[in-house]
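Participant: final_35.pdb is reproduced in full below (PDB, C-alpha atoms).
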```pdb
ATOM      1  CA  MET N   1       0.000   0.000   0.000
ATOM      2  CA  ARG N   2       2.833   2.407   0.864
ATOM      3  CA  VAL N   3       4.481   1.809  -2.524
ATOM      4  CA  VAL N   4       1.195   2.409  -4.364
ATOM      5  CA  ILE N   5       0.376   5.635  -2.499
ATOM      6  CA  LYS N   6       3.943   6.893  -2.928
ATOM      7  CA  PHE N   7       3.753   6.247  -6.684
ATOM      8  CA  ILE N   8       0.396   8.026  -7.006
ATOM      9  CA  PHE N   9       1.604  11.062  -5.063
ATOM     10  CA  LYS N  10       4.830  11.141  -7.079
ATOM     11  CA  ILE N  11       2.817  11.394 -10.305
ATOM     12  CA  PHE N  12       0.682  14.131  -8.722
ATOM     13  CA  ALA N  13       3.805  16.022  -7.605
ATOM     14  CA  ILE N  14       5.425  15.770 -11.045
ATOM     15  CA  ILE N  15       2.294  17.166 -12.719
ATOM     16  CA  MET N  16       1.624  19.922 -10.179
ATOM     17  CA  TYR N  17       5.118  21.036  -9.143
ATOM     18  CA  ARG N  18       7.605  19.600 -11.689
ATOM     19  CA  PRO N  19      10.151  18.876  -8.919
ATOM     20  CA  LYS N  20      13.822  19.100  -9.885
ATOM     21  CA  ILE N  21      16.366  17.418  -7.615
ATOM     22  CA  LEU N  22      19.927  18.761  -7.599
ATOM     23  CA  GLY N  23      22.904  17.257  -5.763
ATOM     24  CA  LYS N  24      21.621  13.683  -5.860
ATOM     25  CA  GLU N  25      25.179  12.441  -5.356
ATOM     26  CA  ASN N  26      25.120  13.909  -1.828
ATOM     27  CA  LEU N  27      22.330  11.590  -0.709
ATOM     28  CA  PRO N  28      23.836   8.353   0.699
ATOM     29  CA  GLU N  29      22.636   5.085  -0.796
ATOM     30  CA  GLU N  30      22.897   3.468   2.643
ATOM     31  CA  GLY N  31      23.523   4.398   6.262
ATOM     32  CA  GLY N  32      21.651   6.674   8.633
ATOM     33  CA  ALA N  33      21.474  10.438   8.179
ATOM     34  CA  LEU N  34      19.349  13.428   9.072
ATOM     35  CA  LEU N  35      17.798  15.401   6.224
ATOM     36  CA  CYS N  36      17.326  19.060   7.166
ATOM     37  CA  PRO N  37      15.497  21.265   4.648
ATOM     38  CA  ASN N  38      13.962  24.687   4.980
ATOM     39  CA  HIS N  39      10.201  24.512   5.507
ATOM     40  CA  VAL N  40       8.257  26.209   2.703
ATOM     41  CA  HIS N  41       4.897  24.467   2.426
ATOM     42  CA  ASN N  42       2.759  21.718   3.955
ATOM     43  CA  LEU N  43       3.697  19.423   1.064
ATOM     44  CA  ASP N  44       7.478  19.890   0.960
ATOM     45  CA  ALA N  45       8.170  16.865   3.194
ATOM     46  CA  ALA N  46       5.689  14.781   1.181
ATOM     47  CA  ILE N  47       7.453  15.648  -2.082
ATOM     48  CA  ILE N  48      10.831  14.643  -0.634
ATOM     49  CA  VAL N  49       9.373  11.343   0.599
ATOM     50  CA  ALA N  50       7.834  10.689  -2.834
ATOM     51  CA  MET N  51      10.819  11.705  -4.965
ATOM     52  CA  PHE N  52      13.650  10.034  -3.003
ATOM     53  CA  LYS N  53      14.289   6.356  -3.698
ATOM     54  CA  ARG N  54      15.165   5.513  -0.091
ATOM     55  CA  LYS N  55      12.504   5.525   2.586
ATOM     56  CA  VAL N  56      12.477   8.845   4.425
ATOM     57  CA  ASN N  57      11.021   8.967   7.946
ATOM     58  CA  VAL N  58       9.690  12.334   9.111
ATOM     59  CA  LEU N  59       9.199  14.197  12.386
ATOM     60  CA  ALA N  60       5.984  16.250  12.143
ATOM     61  CA  LYS N  61       4.043  18.477  14.516
ATOM     62  CA  GLU N  62       1.801  16.484  16.820
ATOM     63  CA  GLU N  63      -1.271  18.533  15.836
ATOM     64  CA  LEU N  64      -1.439  16.622  12.542
ATOM     65  CA  PHE N  65      -2.136  13.387  14.403
ATOM     66  CA  LYS N  66      -5.593  14.527  15.493
ATOM     67  CA  ASN N  67      -6.847  13.546  12.032
ATOM     68  CA  LYS N  68      -7.515   9.774  11.724
ATOM     69  CA  PHE N  69      -6.643   9.653   8.028
ATOM     70  CA  LEU N  70      -3.357  11.455   8.610
ATOM     71  CA  CYS N  71      -2.607   9.060  11.470
ATOM     72  CA  TRP N  72      -3.057   6.147   9.074
ATOM     73  CA  ILE N  73      -0.755   7.809   6.507
ATOM     74  CA  ALA N  74       1.777   8.547   9.259
ATOM     75  CA  ASP N  75       1.846   4.935  10.388
ATOM     76  CA  LEU N  76       2.261   3.800   6.787
ATOM     77  CA  PHE N  77       5.123   6.149   5.911
ATOM     78  CA  GLY N  78       7.075   6.448   9.156
ATOM     79  CA  ILE N  79       5.908   9.883  10.292
ATOM     80  CA  TYR N  80       6.320  10.545  14.009
ATOM     81  CA  PRO N  81       4.841  13.282  16.218
ATOM     82  CA  VAL N  82       6.968  15.912  17.900
ATOM     83  CA  LYS N  83       6.005  18.560  20.450
ATOM     84  CA  ARG N  84       7.360  21.849  19.175
ATOM     85  CA  GLU N  85       7.036  23.975  22.320
ATOM     86  CA  LYS N  86       9.605  22.041  24.357
ATOM     87  CA  ALA N  87      12.276  19.342  24.169
ATOM     88  CA  ASP N  88      10.377  16.177  23.244
ATOM     89  CA  MET N  89      12.354  13.290  24.712
ATOM     90  CA  GLN N  90      10.107  10.681  23.093
ATOM     91  CA  ALA N  91      10.734  12.176  19.655
ATOM     92  CA  ILE N  92      14.477  12.264  20.368
ATOM     93  CA  LYS N  93      14.448   8.589  21.403
ATOM     94  CA  ILE N  94      12.581   7.631  18.214
ATOM     95  CA  SER N  95      15.032   9.660  16.114
ATOM     96  CA  LEU N  96      18.086   8.006  17.680
ATOM     97  CA  LYS N  97      16.536   4.574  17.209
ATOM     98  CA  LEU N  98      15.854   5.201  13.506
ATOM     99  CA  LEU N  99      19.361   6.523  12.909
ATOM    100  CA  LYS N 100      20.869   3.551  14.752
ATOM    101  CA  LYS N 101      18.983   1.342  12.278
ATOM    102  CA  ASP N 102      20.721   3.296   9.462
ATOM    103  CA  GLU N 103      17.534   4.950   8.259
ATOM    104  CA  LEU N 104      16.946   8.460   6.915
ATOM    105  CA  LEU N 105      15.069  10.960   9.073
ATOM    106  CA  LEU N 106      13.758  14.351   7.965
ATOM    107  CA  ILE N 107      13.619  17.181  10.494
ATOM    108  CA  PHE N 108      12.808  20.849   9.859
ATOM    109  CA  PRO N 109      15.171  22.940  12.021
ATOM    110  CA  GLU N 110      12.886  25.952  11.483
ATOM    111  CA  GLY N 111      10.200  24.117  13.446
ATOM    112  CA  THR N 112       7.421  25.770  11.445
ATOM    113  CA  ARG N 113       6.703  26.888   7.904
ATOM    114  CA  ASN N 114       8.828  29.867   6.837
ATOM    115  CA  GLY N 115      10.207  30.112  10.352
ATOM    116  CA  MET N 116      13.206  32.186   9.281
ATOM    117  CA  ALA N 117      10.986  34.757   7.561
ATOM    118  CA  LYS N 118       8.820  34.935  10.694
ATOM    119  CA  GLY N 119      11.862  35.491  12.910
ATOM    120  CA  VAL N 120      11.421  32.171  14.726
ATOM    121  CA  LYS N 121      14.625  30.900  16.323
ATOM    122  CA  PRO N 122      15.715  27.578  14.732
ATOM    123  CA  LYS N 123      15.570  24.499  16.932
ATOM    124  CA  ASN N 124      18.769  22.781  18.120
ATOM    125  CA  GLY N 125      17.215  19.305  18.052
ATOM    126  CA  ALA N 126      18.643  18.227  14.703
ATOM    127  CA  VAL N 127      22.223  19.091  15.691
ATOM    128  CA  LEU N 128      21.827  17.435  19.101
ATOM    129  CA  ILE N 129      20.422  14.236  17.562
ATOM    130  CA  ALA N 130      23.098  14.084  14.841
ATOM    131  CA  ALA N 131      25.925  14.576  17.324
ATOM    132  CA  THR N 132      24.508  12.040  19.776
ATOM    133  CA  ALA N 133      23.896   9.425  17.072
ATOM    134  CA  ASN N 134      27.222  10.165  15.339
ATOM    135  CA  LYS N 135      25.383  10.587  12.033
ATOM    136  CA  PRO N 136      25.699  13.329   9.395
ATOM    137  CA  ILE N 137      23.188  16.024   8.593
ATOM    138  CA  ILE N 138      22.402  16.565   4.930
ATOM    139  CA  PRO N 139      21.257  20.175   4.421
ATOM    140  CA  ILE N 140      18.601  20.728   1.764
ATOM    141  CA  GLY N 141      17.435  23.966   0.189
ATOM    142  CA  ILE N 142      13.907  24.069  -1.230
ATOM    143  CA  GLN N 143      12.969  26.707  -3.793
ATOM    144  CA  GLY N 144       9.459  27.322  -5.088
ATOM    145  CA  SER N 145       6.109  28.908  -4.337
ATOM    146  CA  PHE N 146       4.196  25.581  -4.464
ATOM    147  CA  LYS N 147       1.601  27.219  -6.674
ATOM    148  CA  PRO N 148       0.038  24.703  -9.092
ATOM    149  CA  PHE N 149       2.080  23.988 -12.224
ATOM    150  CA  THR N 150       5.154  25.864 -11.004
ATOM    151  CA  LYS N 151       8.586  24.328 -10.467
ATOM    152  CA  VAL N 152       9.909  23.194  -7.090
ATOM    153  CA  ILE N 153      13.674  22.719  -6.761
ATOM    154  CA  ILE N 154      15.220  20.480  -4.095
ATOM    155  CA  ASN N 155      18.921  21.262  -3.735
ATOM    156  CA  ILE N 156      20.775  18.615  -1.696
ATOM    157  CA  GLY N 157      24.009  19.729  -0.039
ATOM    158  CA  LYS N 158      27.064  17.792   1.063
ATOM    159  CA  PRO N 159      26.773  15.857   4.370
ATOM    160  CA  ILE N 160      27.953  17.693   7.493
ATOM    161  CA  ASP N 161      29.939  15.550   9.923
ATOM    162  CA  TYR N 162      29.003  15.947  13.606
ATOM    163  CA  SER N 163      31.111  13.056  14.929
ATOM    164  CA  ASN N 164      33.301  15.427  16.960
ATOM    165  CA  ALA N 165      30.502  17.720  18.109
ATOM    166  CA  ARG N 166      28.883  15.631  20.831
ATOM    167  CA  GLU N 167      30.170  17.736  23.753
ATOM    168  CA  GLU N 168      29.469  21.009  21.912
ATOM    169  CA  ALA N 169      25.899  19.966  21.188
ATOM    170  CA  LYS N 170      25.260  19.383  24.906
ATOM    171  CA  ASP N 171      25.958  23.064  25.601
ATOM    172  CA  LYS N 172      22.960  25.222  24.667
ATOM    173  CA  GLU N 173      25.011  28.164  23.426
ATOM    174  CA  GLU N 174      27.385  26.005  21.367
ATOM    175  CA  ALA N 175      24.455  24.001  19.987
ATOM    176  CA  SER N 176      22.839  27.251  18.877
ATOM    177  CA  LYS N 177      26.040  28.201  17.039
ATOM    178  CA  LEU N 178      26.087  24.850  15.230
ATOM    179  CA  THR N 179      22.421  25.305  14.335
ATOM    180  CA  ARG N 180      23.075  28.792  12.948
ATOM    181  CA  LYS N 181      25.864  27.406  10.752
ATOM    182  CA  LEU N 182      23.525  24.651   9.567
ATOM    183  CA  MET N 183      20.825  27.202   8.706
ATOM    184  CA  GLU N 184      23.379  29.274   6.778
ATOM    185  CA  LYS N 185      24.143  26.242   4.604
ATOM    186  CA  ILE N 186      20.435  25.547   4.096
ATOM    187  CA  VAL N 187      19.789  29.171   3.083
ATOM    188  CA  LYS N 188      22.725  29.095   0.670
ATOM    189  CA  LEU N 189      21.334  25.938  -0.962
ATOM    190  CA  ARG N 190      17.866  27.499  -1.084
ATOM    191  CA  ASP N 191      19.162  30.629  -2.806
ATOM    192  CA  GLU N 192      21.593  29.008  -5.265
ATOM    193  CA  ASP N 193      20.921  29.514  -8.953
ATOM    194  CA  PRO N 194      19.867  26.031 -10.206
ATOM    195  CA  LYS N 195      21.493  26.702 -13.594
ATOM    196  CA  VAL N 196      24.854  27.270 -11.920
ATOM    197  CA  VAL N 197      24.460  24.132  -9.779
ATOM    198  CA  LYS N 198      23.640  22.100 -12.881
ATOM    199  CA  ARG N 199      26.744  23.355 -14.704
ATOM    200  CA  VAL N 200      28.937  22.485 -11.700
ATOM    201  CA  GLU N 201      27.434  18.978 -11.552
ATOM    202  CA  LYS N 202      28.147  18.426 -15.254
ATOM    203  CA  ALA N 203      31.721  19.685 -14.859
ATOM    204  CA  SER N 204      32.381  17.368 -11.897
ATOM    205  CA  ASN N 205      31.060  14.380 -13.860
TER     206      ASN N 205
END
```
If you convert what's in this file into structure tokens, what do you get?
Facilitator:
Amino acid sequence: MRVVIKFIFKIFAIIMYRPKILGKENLPEEGGALLCPNHVHNLDAAIIVAMFKRKVNVLAKEELFKNKFLCWIADLFGIYPVKREKADMQAIKISLKLLKKDELLLIFPEGTRNGMAKGVKPKNGAVLIAATANKPIIPIGIQGSFKPFTKVIINIGKPIDYSNAREEAKDKEEASKLTRKLMEKIVKLRDEDPKVVKRVEKASN
């Protein structure tokens, strides 16, 4: 059922948003990693799940789980609730377990849609989880308005190694610095000219 629904949504996404994925070589074929994109629209996580070959688990706001249909979809696709107002230890435990099993997990450091534009401080959870699990974070920049029949670009950056950042991540101030650096990379990927990225990819190949 998951494969069928994923295929149907992928066709829908291709028709409606013409998604273009850049930097595919930066997405590992195996092994655990955190995927950290900017949060543009309600469907940006769904498009990533549909367009990536590997299964992508997702942390999503717990409010979505009040809907029975969405709960069924969540159970089918590996979507887990997270409390956004405070440190959610249950969500952290689930994240560490998934990464230990060498799975992919998507987390939005912004915590809400267009959080940077709203002046919302990014969450340190992604950096803390990556450092604790000794897994990389793969920053992703998403471009697009998500208006019907417009193009959405998913720009995948190089993995960031947090293997030596475990002690830093435990300190709130240092964790915030690491998160700011992560957000800078995400913003850079979001704002990159896709034509330039494409030319660089061709040159490297």
Participant: On this structure, the PyMOL selection byres ((chain N and resi 33) around 12) would catch which residues? List them as a VMD selection string, sorted by chain and number.
Facilitator: chain N and resid 26 to 32 34 to 36 54 to 58 95 to 107 126 to 127 129 to 131 133 to 139 158 to 162
Participant: I'd like to see the residues matched by the PyMOL selection byres ((chain N and resi 179) around 10) on this file, and ideally I'd get them as a PyMOL selection string.
Facilitator: chain N and resi 109-110+121-128+169+173-178+180-185
Participant: Restricting the output to C-alpha atoms, write the selected residues as a PDB file, keeping the file's coordinate frame.
Facilitator:
```
ATOM      1  CA  PRO N 109      15.171  22.940  12.021  1.00  0.00           C
ATOM      2  CA  GLU N 110      12.886  25.952  11.483  1.00  0.00           C
ATOM      3  CA  LYS N 121      14.625  30.900  16.323  1.00  0.00           C
ATOM      4  CA  PRO N 122      15.715  27.578  14.732  1.00  0.00           C
ATOM      5  CA  LYS N 123      15.570  24.499  16.932  1.00  0.00           C
ATOM      6  CA  ASN N 124      18.769  22.781  18.120  1.00  0.00           C
ATOM      7  CA  GLY N 125      17.215  19.305  18.052  1.00  0.00           C
ATOM      8  CA  ALA N 126      18.643  18.227  14.703  1.00  0.00           C
ATOM      9  CA  VAL N 127      22.223  19.091  15.691  1.00  0.00           C
ATOM     10  CA  LEU N 128      21.827  17.435  19.101  1.00  0.00           C
ATOM     11  CA  ALA N 169      25.899  19.966  21.188  1.00  0.00           C
ATOM     12  CA  GLU N 173      25.011  28.164  23.426  1.00  0.00           C
ATOM     13  CA  GLU N 174      27.385  26.005  21.367  1.00  0.00           C
ATOM     14  CA  ALA N 175      24.455  24.001  19.987  1.00  0.00           C
ATOM     15  CA  SER N 176      22.839  27.251  18.877  1.00  0.00           C
ATOM     16  CA  LYS N 177      26.040  28.201  17.039  1.00  0.00           C
ATOM     17  CA  LEU N 178      26.087  24.850  15.230  1.00  0.00           C
ATOM     18  CA  ARG N 180      23.075  28.792  12.948  1.00  0.00           C
ATOM     19  CA  LYS N 181      25.864  27.406  10.752  1.00  0.00           C
ATOM     20  CA  LEU N 182      23.525  24.651   9.567  1.00  0.00           C
ATOM     21  CA  MET N 183      20.825  27.202   8.706  1.00  0.00           C
ATOM     22  CA  GLU N 184      23.379  29.274   6.778  1.00  0.00           C
ATOM     23  CA  LYS N 185      24.143  26.242   4.604  1.00  0.00           C
TER      24      LYS N 185
END
```
Participant: Nearest residue to Met51 (chain N) out of N:Trp72, N:Phe65, N:Phe7, N:Tyr80, using all atoms listed in the file?
Facilitator: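 Of N:Trp72, N:Phe65, N:Phe7, N:Tyr80, the one nearest Met51 (chain N) is N:Phe7, counting all atoms listed in the file.
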Participant: Which residues come within 7 Å of Gly144 (chain N), counting all atoms listed in the file, excluding same-chain residues fewer than 3 positions away, as a count of residues only?
Facilitator: 3
Participant: Show me, as number ranges by chain, the residues that have an atom within 12 Å of Phe12 (chain N) when counting all atoms listed in the file, minus same-chain residues fewer than 4 positions from it.
Facilitator: N: 5-8, 16-19, 43, 46-47, 50-51, 148-149
Participant: Determine the residue membership of the PyMOL selection byres ((chain N and resi 64) around 12) for the file above and supply it as a list in words.
Facilitator: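 That selection, the PyMOL selection byres ((chain N and resi 64) around 12), comes back as Asn42, Leu59, Ala60, Lys61, Glu62, Glu63, Phe65, Lys66, Asn67, Lys68, Phe69, Leu70, Cys71, Trp72, Ile73, Ala74, Ile79, Tyr80, Pro81, Val82 and Lys83 of chain N.
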Participant: What's the separation between CA of Ile140 (chain N) and CA of Glu192 (chain N), in Å to one decimal place?
Facilitator: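 Between CA of Ile140 (chain N) and CA of Glu192 (chain N) the gap is 11.3 Å.
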Participant: Give me, please, the distance in Å between CA of Leu22 (chain N) and CA of Gly157 (chain N), quoted to one decimal.
Facilitator: 8.6 Å
Participant: Rank N:Lys53, N:Lys24, N:Arg190, N:Arg84 by their smallest atom-to-atom distance to Val120 (chain N), using only C-alpha atoms, and report the top residue only.
Facilitator: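 For Val120 (chain N), the nearest of the given residues is N:Arg84.
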Participant: What does the distance from CA of Thr112 (chain N) to CA of Lys195 (chain N) come to in Å, to one decimal?
Facilitator: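 For CA of Thr112 (chain N) relative to CA of Lys195 (chain N), the distance reads 28.7 Å.
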Participant: Which is closer to Ile154 (chain N) than all the others in N:Gln90, N:Asn38, N:Asn114, N:Thr132, using all atoms listed in the file?
Facilitator: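 The answer is N:Asn38, which sits nearest to Ile154 (chain N).
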Participant: Which centre and which edge lengths, in Å to one decimal, describe the axis-aligned box that holds all listed atoms of region 163-176 of chain N after 4 Å is added on each side, as AutoDock Vina command-line options?
Facilitator:
```
--center_x 28.1 --center_y 20.6 --center_z 20.3 --size_x 18.5 --size_y 23.1 --size_z 18.7
```
Participant: Ranking N:Ala13, N:Ala91, N:Asp193, N:His41 by minimum distance to Gly115 (chain N) and counting only C-alpha atoms, which one comes first?
Facilitator: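 Closest to Gly115 (chain N) of all the choices is N:His41.
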Participant: Out of N:Ile14, N:Phe108, N:Gly141, N:Glu25, which residue has the shortest atom-to-atom distance to Val187 (chain N) when counting only C-alpha atoms?
Facilitator: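 Of the candidates, the smallest distance to Val187 (chain N) is held by N:Gly141.
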Participant: Select region 109-121 of chain N in the preceding structure and write all heavy atoms to a file as a PDB file, in the first residue's frame.
Facilitator:
```pdb
ATOM      1  N   PRO N 109      14.615  22.141  10.920  1.00  0.00           N
ATOM      2  CA  PRO N 109      15.171  22.940  12.021  1.00  0.00           C
ATOM      3  C   PRO N 109      14.385  24.216  12.295  1.00  0.00           C
ATOM      4  O   PRO N 109      14.408  24.731  13.421  1.00  0.00           O
ATOM      5  CB  PRO N 109      16.593  23.272  11.527  1.00  0.00           C
ATOM      6  CG  PRO N 109      16.902  22.215  10.523  1.00  0.00           C
ATOM      7  CD  PRO N 109      15.606  21.902   9.854  1.00  0.00           C
ATOM      8  N   GLU N 110      13.683  24.738  11.281  1.00  0.00           N
ATOM      9  CA  GLU N 110      12.886  25.952  11.483  1.00  0.00           C
ATOM     10  C   GLU N 110      11.744  25.710  12.472  1.00  0.00           C
ATOM     11  O   GLU N 110      11.278  26.632  13.130  1.00  0.00           O
ATOM     12  CB  GLU N 110      12.296  26.443  10.163  1.00  0.00           C
ATOM     13  CG  GLU N 110      13.310  27.093   9.242  1.00  0.00           C
ATOM     14  CD  GLU N 110      12.673  27.516   7.931  1.00  0.00           C
ATOM     15  OE1 GLU N 110      12.508  26.647   7.051  1.00  0.00           O
ATOM     16  OE2 GLU N 110      12.349  28.708   7.784  1.00  0.00           O
ATOM     17  N   GLY N 111      11.267  24.455  12.518  1.00  0.00           N
ATOM     18  CA  GLY N 111      10.200  24.117  13.446  1.00  0.00           C
ATOM     19  C   GLY N 111       8.812  24.467  12.969  1.00  0.00           C
ATOM     20  O   GLY N 111       7.819  23.931  13.464  1.00  0.00           O
ATOM     21  N   THR N 112       8.711  25.362  11.998  1.00  0.00           N
ATOM     22  CA  THR N 112       7.421  25.770  11.445  1.00  0.00           C
ATOM     23  C   THR N 112       7.639  26.287  10.040  1.00  0.00           C
ATOM     24  O   THR N 112       8.774  26.576   9.645  1.00  0.00           O
ATOM     25  CB  THR N 112       6.776  26.864  12.327  1.00  0.00           C
ATOM     26  OG1 THR N 112       5.455  27.142  11.845  1.00  0.00           O
ATOM     27  CG2 THR N 112       7.591  28.150  12.292  1.00  0.00           C
ATOM     28  N   ARG N 113       6.560  26.405   9.278  1.00  0.00           N
ATOM     29  CA  ARG N 113       6.703  26.888   7.904  1.00  0.00           C
ATOM     30  C   ARG N 113       7.222  28.319   7.873  1.00  0.00           C
ATOM     31  O   ARG N 113       6.744  29.183   8.593  1.00  0.00           O
ATOM     32  CB  ARG N 113       5.353  26.823   7.173  1.00  0.00           C
ATOM     33  CG  ARG N 113       5.027  25.453   6.616  1.00  0.00           C
ATOM     34  CD  ARG N 113       3.684  25.446   5.944  1.00  0.00           C
ATOM     35  NE  ARG N 113       2.619  25.651   6.929  1.00  0.00           N
ATOM     36  CZ  ARG N 113       1.553  26.414   6.716  1.00  0.00           C
ATOM     37  NH1 ARG N 113       1.407  27.066   5.590  1.00  0.00           N
ATOM     38  NH2 ARG N 113       0.625  26.530   7.643  1.00  0.00           N
ATOM     39  N   ASN N 114       8.241  28.538   7.016  1.00  0.00           N
ATOM     40  CA  ASN N 114       8.828  29.867   6.837  1.00  0.00           C
ATOM     41  C   ASN N 114       9.243  30.490   8.170  1.00  0.00           C
ATOM     42  O   ASN N 114       9.064  31.695   8.398  1.00  0.00           O
ATOM     43  CB  ASN N 114       7.845  30.792   6.097  1.00  0.00           C
ATOM     44  CG  ASN N 114       7.516  30.279   4.714  1.00  0.00           C
ATOM     45  OD1 ASN N 114       8.403  30.011   3.902  1.00  0.00           O
ATOM     46  ND2 ASN N 114       6.232  30.108   4.412  1.00  0.00           N
ATOM     47  N   GLY N 115       9.804  29.649   9.028  1.00  0.00           N
ATOM     48  CA  GLY N 115      10.207  30.112  10.352  1.00  0.00           C
ATOM     49  C   GLY N 115      11.233  31.229  10.306  1.00  0.00           C
ATOM     50  O   GLY N 115      11.166  32.175  11.105  1.00  0.00           O
ATOM     51  N   MET N 116      12.182  31.143   9.380  1.00  0.00           N
ATOM     52  CA  MET N 116      13.206  32.186   9.281  1.00  0.00           C
ATOM     53  C   MET N 116      12.583  33.531   8.931  1.00  0.00           C
ATOM     54  O   MET N 116      12.938  34.564   9.502  1.00  0.00           O
ATOM     55  CB  MET N 116      14.259  31.793   8.242  1.00  0.00           C
ATOM     56  CG  MET N 116      15.170  30.666   8.678  1.00  0.00           C
ATOM     57  SD  MET N 116      16.423  30.253   7.431  1.00  0.00           S
ATOM     58  CE  MET N 116      15.419  29.348   6.237  1.00  0.00           C
ATOM     59  N   ALA N 117      11.646  33.517   7.975  1.00  0.00           N
ATOM     60  CA  ALA N 117      10.986  34.757   7.561  1.00  0.00           C
ATOM     61  C   ALA N 117      10.155  35.351   8.700  1.00  0.00           C
ATOM     62  O   ALA N 117      10.000  36.571   8.798  1.00  0.00           O
ATOM     63  CB  ALA N 117      10.104  34.500   6.344  1.00  0.00           C
ATOM     64  N   LYS N 118       9.640  34.481   9.565  1.00  0.00           N
ATOM     65  CA  LYS N 118       8.820  34.935  10.694  1.00  0.00           C
ATOM     66  C   LYS N 118       9.667  35.347  11.895  1.00  0.00           C
ATOM     67  O   LYS N 118       9.135  35.812  12.908  1.00  0.00           O
ATOM     68  CB  LYS N 118       7.861  33.817  11.122  1.00  0.00           C
ATOM     69  CG  LYS N 118       6.838  33.436  10.058  1.00  0.00           C
ATOM     70  CD  LYS N 118       6.032  32.221  10.512  1.00  0.00           C
ATOM     71  CE  LYS N 118       5.055  31.767   9.449  1.00  0.00           C
ATOM     72  NZ  LYS N 118       4.357  30.507   9.837  1.00  0.00           N
ATOM     73  N   GLY N 119      10.986  35.141  11.796  1.00  0.00           N
ATOM     74  CA  GLY N 119      11.862  35.491  12.910  1.00  0.00           C
ATOM     75  C   GLY N 119      11.874  34.469  14.024  1.00  0.00           C
ATOM     76  O   GLY N 119      12.297  34.773  15.149  1.00  0.00           O
ATOM     77  N   VAL N 120      11.426  33.231  13.724  1.00  0.00           N
ATOM     78  CA  VAL N 120      11.421  32.171  14.726  1.00  0.00           C
ATOM     79  C   VAL N 120      12.837  31.597  14.858  1.00  0.00           C
ATOM     80  O   VAL N 120      13.490  31.296  13.859  1.00  0.00           O
ATOM     81  CB  VAL N 120      10.436  31.046  14.331  1.00  0.00           C
ATOM     82  CG1 VAL N 120      10.498  29.908  15.347  1.00  0.00           C
ATOM     83  CG2 VAL N 120       9.029  31.598  14.225  1.00  0.00           C
ATOM     84  N   LYS N 121      13.291  31.450  16.092  1.00  0.00           N
ATOM     85  CA  LYS N 121      14.625  30.900  16.323  1.00  0.00           C
ATOM     86  C   LYS N 121      14.656  29.419  15.946  1.00  0.00           C
ATOM     87  O   LYS N 121      13.800  28.641  16.390  1.00  0.00           O
ATOM     88  CB  LYS N 121      15.018  31.058  17.795  1.00  0.00           C
ATOM     89  CG  LYS N 121      16.439  30.604  18.097  1.00  0.00           C
ATOM     90  CD  LYS N 121      16.766  30.785  19.573  1.00  0.00           C
ATOM     91  CE  LYS N 121      18.171  30.281  19.885  1.00  0.00           C
ATOM     92  NZ  LYS N 121      18.496  30.415  21.323  1.00  0.00           N
TER      93      LYS N 121
END
```
